[in-house]
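Below is one structure; the comments refer to it alone.
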Amino acid sequence: GQNSSVDFAKNIKKLIKNPILPGFYPDPSICKADGCFYLICSSFELHPGIPIFRSRDLAHWEQIGNVMTKENGFHVKANTFTGGVMAPTIRYYDGTFYIINTNFSDRGNYIVTAEDPAGPWSEPYWLDDVPGIDASLFIDDDGSAYILGTGNVVKRADGSMDRGIWLCEFDLKAMKLTGEPTAIWDSALRNAASPEAPHLYHKDGYYYLMIAEGGTEHYHSVTVARSREIKGWYEGFPGNPVMTHRQMGYDSEIANVGHADLVETDTGKWYAVMLASRTIGGYYKNLGRETYLCPVKWERGWPVFSPGTGKLEWEYEADPDLPWTDETMEEE
């Protein structure tokens, strides 16, 4: 009796099942702190804003609060295309959580901070000197901070300006840009639509820039570039895009894959979270944009998403080094 139940428990596969956040949870951003992973999503016109989730095993996620509430002065306008908050980034450094976000119902870009990610979160520090959408925060190993953003910042041979990614030093104490913004990359495809959602990472002597391009619908993708110097110009990965489902056609069960963020576990394994949509009854995405996860390995200085298949799978084996938190595992 007892031995057979122990054997049964050993044989149960521990799986991360996609989507890890089903339903309306777009634009995920993730960070790690003190053995836990924290994940936030866009909330657009919903109140309270920016749901925040916690997990120890990357498979089971518990909502621990909302970042933007009445208590820190949050408001949005309803029923307007530009009325929401979108594409937040969460980062953790030296005991403090930082979230940067755009609120089109208010003054644009802002940062909120917290010592406890469940709250309370600070009132917004408004970044009146940060233009555009999808602003992202990067804090380097030495504590120096930078903001990345999108805009018409890349100068073409004919003098016209094209969409791309810019970077500027940022004073975390004064909450102000310092220095001049620098254009660091445009896109993997020539003249790609909507290069946006930049995230920056420092690994093995390189700065890695990851963006979304192709627009957030069918041609959505994740692309990567790198530079030895933080201010670039960044070199695109010859194998771009590192993740997309646009080549799989309109009958793919998972579509719109893009807008990713990376996280490293304490044992040096890497994962990416990203948005995607399930197609239902044809090319209909009734559940909107949901949050998915895949493993990432580094190969010859570049990230490989979902190694072996290169596409989002419905499930992945859980990381055995992470503490499994679900006590009601079902037999597979």
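Following the order of the structure tokens, first chain is A, next is B, and so on, with residues numbered from 1 inside each chain and ligands from 1 in the order they appear.
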
At a cut-off of 8 Å, using only C-alpha atoms, what residues contact Pro88 in chain A? Leave out same-chain residues fewer than 4 positions from it and give the result as a PyMOL selection string. chain A and resi 27-29+40-42+50+99-102+134-136

Hey, could you make a per-residue contact list for range 2-106 of chain A against range 313-319 of chain A with 10 Å as the cut-off, showing the nearest pair of atoms and its distance in Å to one decimal, counting only C-alpha atoms, sorted by chain and number, as a tab-separated table?
residue	atom	partner	partner_atom	distance
A:Lys13	CA	A:Glu317	CA	7.2
A:Lys14	CA	A:Ala318	CA	5.5
A:Leu15	CA	A:Glu317	CA	4.6
A:Ile16	CA	A:Tyr316	CA	5.2
A:Lys17	CA	A:Glu315	CA	4.4
A:Asn18	CA	A:Trp314	CA	4.9
A:Pro19	CA	A:Trp314	CA	7.3
A:Ile20	CA	A:Glu315	CA	9.5
A:Asp57	CA	A:Asp319	CA	7.3
A:Leu58	CA	A:Ala318	CA	7.8
A:Ala59	CA	A:Ala318	CA	7.2

Skipping near chain neighbours, those fewer than 4 positions away, what residues fall within 12 Å of Lys285 in chain A using only C-alpha atoms, listed as a list of chain:residue names? A:Gly23, A:Phe24, A:Glu217, A:His218, A:Tyr250, A:Asp251, A:Ser252, A:Glu253, A:Ile254, A:Ala255, A:Asn256, A:Ala276, A:Ser277, A:Arg278, A:Thr279, A:Ile280, A:Gly281, A:Arg289, A:Glu290

Name the residues in contact with Gly132 in chain A at a cut-off of 12 Å, using only C-alpha atoms, excluding same-chain residues fewer than 6 positions from it; report them as a ChimeraX atom specification. /A:86-87,101-104,107-110,147-153,163-166,196-197

Let's have the selection written as a compact mmCIF listing (two decimals), in the first residue's frame, with C-alpha atoms.
# COMPACT_ATOMS: atom_id res chain seq x y z
CA MET A 86 0.30 48.61 -21.40
CA ALA A 87 3.61 46.76 -21.61
CA ASN A 101 4.81 51.46 -17.43
CA THR A 102 2.84 53.75 -19.75
CA ASN A 103 -0.54 55.13 -18.69
CA PHE A 104 -2.23 56.82 -21.63
CA ARG A 107 0.88 61.70 -18.06
CA GLY A 108 2.44 58.81 -19.97
CA ASN A 109 5.42 56.93 -18.57
CA TYR A 110 5.99 56.39 -14.86
CA ILE A 147 15.75 53.25 -19.76
CA LEU A 148 14.98 51.84 -23.19
CA GLY A 149 12.14 52.93 -25.40
CA THR A 150 10.75 52.99 -28.90
CA GLY A 151 10.39 55.80 -31.41
CA ASN A 152 11.44 57.25 -34.74
CA VAL A 153 15.10 57.30 -33.74
CA ARG A 163 11.29 53.18 -36.00
CA GLY A 164 13.77 51.67 -33.59
CA ILE A 165 14.95 51.27 -30.03
CA TRP A 166 16.71 53.95 -27.98
CA GLU A 196 8.87 47.53 -29.64
CA ALA A 197 8.84 45.95 -26.16

Taking the chain letters and numbering used in this document, name the residues of range 137-221 of chain A that DSSP puts in strand (DSSP E or B), as number ranges by chain. A: 137-139, 145-155, 161-171, 176-185, 196-203, 206-213, 221

Do you have, as JSON lines, the list of residues of range 145-177 of chain A lying at most 12 Å from range 111-121 of chain A, each with its nearest atom pair and that distance in Å to one decimal, counting only C-alpha atoms and ordered by chain then number?
{"residue": "A:Ile147", "atom": "CA", "partner": "A:Ile111", "partner_atom": "CA", "distance": 10.9}
{"residue": "A:Phe170", "atom": "CA", "partner": "A:Ile111", "partner_atom": "CA", "distance": 11.8}
{"residue": "A:Leu172", "atom": "CA", "partner": "A:Ile111", "partner_atom": "CA", "distance": 9.8}
{"residue": "A:Lys173", "atom": "CA", "partner": "A:Thr113", "partner_atom": "CA", "distance": 11.5}
{"residue": "A:Ala174", "atom": "CA", "partner": "A:Ile111", "partner_atom": "CA", "distance": 11.5}
{"residue": "A:Met175", "atom": "CA", "partner": "A:Ile111", "partner_atom": "CA", "distance": 8.1}
{"residue": "A:Lys176", "atom": "CA", "partner": "A:Ile111", "partner_atom": "CA", "distance": 10.6}

If you keep C-alpha atoms, can you produce a file of those selected residues as a short mmCIF file (atom, residue, chain, number, x, y, z; two decimals), in the first residue's frame?
data_model
loop_
_atom_site.label_atom_id
_atom_site.label_comp_id
_atom_site.auth_asym_id
_atom_site.auth_seq_id
_atom_site.Cartn_x
_atom_site.Cartn_y
_atom_site.Cartn_z
CA ILE A 147 15.75 53.25 -19.76
CA PHE A 170 18.74 56.97 -15.85
CA LEU A 172 17.19 55.87 -10.07
CA LYS A 173 17.23 58.27 -7.11
CA ALA A 174 16.12 61.39 -8.99
CA MET A 175 13.92 59.36 -11.39
CA LYS A 176 15.26 61.39 -14.33
#

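Relative to CA of Ser221 in chain A, CA of Val154 in chain A is found at 20.4 Å.
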
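Note that the spacing between CA of Ala183 in chain A and CA of Trp233 in chain A amounts to 7.6 Å.
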
Long-range neighbours of Tyr206 in chain A as a ChimeraX atom specification, 8 Å cut-off, only C-alpha atoms, 6 positions minimum in chain: /A:226-229

Taking only C-alpha atoms into account, which of A:Gly65, A:Gly179, A:Gly288, A:Pro307 comes nearest Ala272 in chain A? A:Pro307

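Each of A:Phe53, A:Phe44, A:Tyr146, A:Trp185 was checked against Asp162 in chain A using only C-alpha atoms; the smallest atom-to-atom distance is that of A:Trp185.
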
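Considering only C-alpha atoms, the residue among A:Asp261, A:Glu299, A:Asp94, A:Asp321 positioned nearest to Ser144 in chain A is A:Asp94.
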
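In this model, the gap between CA of His75 in chain A and CA of Ile133 in chain A comes to 18.0 Å.
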
Find, counting only C-alpha atoms, the residue in A:Phe74, A:Tyr234, A:Asp204, A:Leu275 that gets nearest to Arg300 in chain A. A:Asp204

Selection: 6 Å around Asn66 in chain A, only C-alpha atoms, excl. self and same-chain fewer than 3 positions, as a PyMOL selection string: chain A and resi 49-52
